[in-house]
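Structure below is work07.cif: mmCIF, C-alpha atoms.
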```
data_my_file
#
loop_
_atom_site.group_PDB
_atom_site.id
_atom_site.type_symbol
_atom_site.label_atom_id
_atom_site.label_comp_id
_atom_site.auth_asym_id
_atom_site.auth_seq_id
_atom_site.Cartn_x
_atom_site.Cartn_y
_atom_site.Cartn_z
ATOM 1 C CA MET A 29 99.017 -46.001 -14.247
ATOM 2 C CA TRP A 30 95.302 -45.779 -14.979
ATOM 3 C CA CYS A 31 95.623 -41.994 -14.939
ATOM 4 C CA LEU A 32 98.179 -42.134 -17.782
ATOM 5 C CA GLN A 33 95.864 -44.347 -19.837
ATOM 6 C CA LEU A 34 93.000 -41.920 -19.222
ATOM 7 C CA VAL A 35 95.156 -39.010 -20.460
ATOM 8 C CA GLU A 36 96.152 -40.988 -23.582
ATOM 9 C CA GLN A 37 92.496 -41.773 -24.311
ATOM 10 C CA LYS A 38 91.593 -38.118 -23.811
ATOM 11 C CA VAL A 39 94.349 -37.024 -26.225
ATOM 12 C CA ASP A 40 93.201 -39.596 -28.793
ATOM 13 C CA SER A 41 89.576 -38.497 -28.573
ATOM 14 C CA ASN A 42 90.553 -34.820 -28.828
ATOM 15 C CA THR A 43 92.758 -35.584 -31.819
ATOM 16 C CA MET A 44 89.905 -37.413 -33.465
ATOM 17 C CA VAL A 45 87.487 -34.536 -32.935
ATOM 18 C CA GLU A 46 89.928 -31.817 -33.961
ATOM 19 C CA ALA A 47 91.787 -33.568 -36.783
ATOM 20 C CA TYR A 48 90.020 -36.601 -38.199
ATOM 21 C CA ILE A 49 86.443 -35.342 -38.295
ATOM 22 C CA PRO A 50 87.234 -32.141 -40.281
ATOM 23 C CA VAL A 51 89.218 -34.210 -42.783
ATOM 24 C CA ILE A 52 86.381 -36.709 -43.167
ATOM 25 C CA ASN A 53 83.861 -33.879 -43.564
ATOM 26 C CA SER A 54 86.028 -32.312 -46.258
ATOM 27 C CA VAL A 55 86.306 -35.619 -48.135
ATOM 28 C CA ILE A 56 82.536 -36.158 -48.008
ATOM 29 C CA LYS A 57 81.878 -32.594 -49.183
ATOM 30 C CA ASN A 58 84.242 -33.016 -52.142
ATOM 31 C CA LEU A 59 82.789 -36.409 -53.034
ATOM 32 C CA LYS A 60 79.332 -34.842 -53.220
ATOM 33 C CA TYR A 61 80.722 -32.182 -55.560
ATOM 34 C CA ARG A 62 82.786 -34.557 -57.662
ATOM 35 C CA PHE A 63 79.963 -37.053 -58.049
ATOM 36 C CA SER A 64 77.086 -34.618 -58.347
ATOM 37 C CA LYS A 65 74.064 -35.477 -60.472
ATOM 38 C CA GLU A 66 75.372 -33.255 -63.263
ATOM 39 C CA SER A 67 78.816 -34.885 -63.201
ATOM 40 C CA LEU A 68 77.350 -38.375 -63.318
ATOM 41 C CA LEU A 69 74.985 -37.380 -66.117
ATOM 42 C CA MET A 70 77.914 -35.955 -68.087
ATOM 43 C CA ALA A 71 80.008 -39.086 -67.492
ATOM 44 C CA CYS A 72 77.200 -41.363 -68.684
ATOM 45 C CA SER A 73 76.637 -39.126 -71.683
ATOM 46 C CA VAL A 74 80.335 -39.210 -72.614
ATOM 47 C CA GLU A 75 80.347 -42.994 -72.314
ATOM 48 C CA CYS A 76 77.381 -43.181 -74.705
ATOM 49 C CA PHE A 77 79.155 -40.752 -77.028
ATOM 50 C CA MET A 78 82.132 -43.120 -77.161
ATOM 51 C CA LYS A 79 79.711 -45.873 -78.129
ATOM 52 C CA MET A 80 78.394 -43.532 -80.866
ATOM 53 C CA ASP A 81 74.884 -43.423 -79.420
ATOM 54 C CA PHE A 82 73.625 -39.971 -80.404
ATOM 55 C CA ILE A 83 70.406 -39.980 -78.386
ATOM 56 C CA GLU A 84 71.953 -41.066 -75.093
ATOM 57 C CA SER A 85 74.913 -38.691 -75.551
ATOM 58 C CA SER A 86 72.749 -35.648 -76.265
ATOM 59 C CA TYR A 87 73.549 -34.049 -72.874
ATOM 60 C CA PHE A 88 77.265 -34.043 -73.735
ATOM 61 C CA ILE A 89 76.687 -32.906 -77.313
ATOM 62 C CA ASN A 90 74.321 -30.094 -76.347
ATOM 63 C CA HIS A 91 76.710 -28.947 -73.640
ATOM 64 C CA TYR A 92 79.536 -28.338 -76.159
ATOM 65 C CA LYS A 93 77.627 -27.526 -79.359
ATOM 66 C CA ASP A 94 77.868 -23.744 -78.957
ATOM 67 C CA ILE A 95 81.578 -23.814 -78.139
ATOM 68 C CA LEU A 96 82.334 -25.994 -81.157
ATOM 69 C CA ILE A 97 79.898 -24.109 -83.413
ATOM 70 C CA MET A 98 78.405 -27.210 -84.986
ATOM 71 C CA ASP A 99 75.176 -28.206 -86.653
ATOM 72 C CA ILE A 100 73.503 -30.868 -84.516
ATOM 73 C CA HIS A 101 71.652 -32.472 -87.419
ATOM 74 C CA ALA A 102 74.799 -32.753 -89.548
ATOM 75 C CA PHE A 103 76.694 -34.153 -86.583
ATOM 76 C CA LYS A 104 73.952 -36.715 -85.932
ATOM 77 C CA SER A 105 74.160 -37.824 -89.560
ATOM 78 C CA GLN A 106 77.950 -38.132 -89.443
ATOM 79 C CA MET A 107 77.813 -40.035 -86.185
ATOM 80 C CA THR A 108 75.179 -42.425 -87.573
ATOM 81 C CA VAL A 109 77.239 -43.086 -90.703
ATOM 82 C CA ALA A 110 80.406 -43.724 -88.666
ATOM 83 C CA ARG A 111 78.541 -46.061 -86.303
ATOM 84 C CA ASN A 112 76.968 -47.985 -89.191
ATOM 85 C CA CYS A 113 80.366 -48.365 -90.884
ATOM 86 C CA MET A 114 81.886 -49.750 -87.691
ATOM 87 C CA ILE A 115 78.968 -52.147 -87.187
ATOM 88 C CA THR A 116 79.317 -53.308 -90.804
ATOM 89 C CA ILE A 117 83.006 -54.038 -90.251
ATOM 90 C CA LYS A 118 82.474 -55.664 -86.860
ATOM 91 C CA PRO A 119 78.918 -56.433 -85.640
ATOM 92 C CA ASP A 120 79.879 -56.381 -81.952
ATOM 93 C CA PHE A 121 81.546 -52.987 -82.287
ATOM 94 C CA ASP A 122 83.233 -51.548 -79.202
ATOM 95 C CA ILE A 123 85.209 -48.341 -78.823
ATOM 96 C CA ASN A 124 88.165 -50.362 -77.539
ATOM 97 C CA ASP A 125 88.510 -51.805 -81.046
ATOM 98 C CA ILE A 126 89.349 -48.337 -82.350
ATOM 99 C CA LEU A 127 91.753 -47.644 -79.513
ATOM 100 C CA ALA A 128 93.592 -50.928 -80.076
ATOM 101 C CA LYS A 129 94.476 -50.002 -83.683
#
```
Translate this structure into structure tokens?
Amino acid sequence: MWCLQLVEQKVDSNTMVEAYIPVINSVIKNLKYRFSKESLLMACSVECFMKMDFIESSYFINHYKDILIMDIHAFKSQMTVARNCMITIKPDFDINDILAK
């Protein structure tokens, strides 16, 4: 009886080494890629962009400025005007207010 339990434990430990550990290693590797410093910086920059904060969203803006062929200074002016209009309408402006309408 104890021999059967020993075999079951051996099978479980082999399964863990051969199956579970490679899966866990793969998950950890992909988490490091998915949540890299660049990805987190881009996510924070996009969040600031949604709040119409030009300075804090500069990483996002500079990343796409060449693709969109845009003038940064003109865009900053437009973003400032839009933000000021929203603050004038509602002092505690939040991007969710735009999405709700």
Kindly extract all protein, DNA and RNA residues lying within 9 Å of the coordinates (74.0, -42.4, -76.6) given in the file, considering all atoms listed in the file, and supply them as a ChimeraX atom specification. /A:72-86
CA of Val51 (chain A) to CA of Leu69 (chain A): how many Å, to one decimal? 27.5 Å
Could you work out how far CA of Lys60 (chain A) lies from CA of Lys93 (chain A), giving the answer in Å with one decimal?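 CA of Lys60 (chain A) lies at a distance of 27.2 Å from CA of Lys93 (chain A).
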Produce the centre coordinates and the three edge lengths, each in Å to one decimal, of the box along x, y and z that contains all listed atoms of region 74-82 of chain A with 4 Å added on each side, as AutoDock Vina command-line options.
```
--center_x 77.9 --center_y -42.5 --center_z -76.6 --size_x 16.5 --size_y 14.7 --size_z 16.6
```
Between CA of Asn90 (chain A) and CA of Met70 (chain A), what is the spacing in Å?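 Interatomic distance here is 10.7 Å.
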With distances taken over all atoms listed in the file, which of A:Ser105, A:Asn112, A:Ile49, A:Glu66 is nearest to His91 (chain A)? A:Glu66
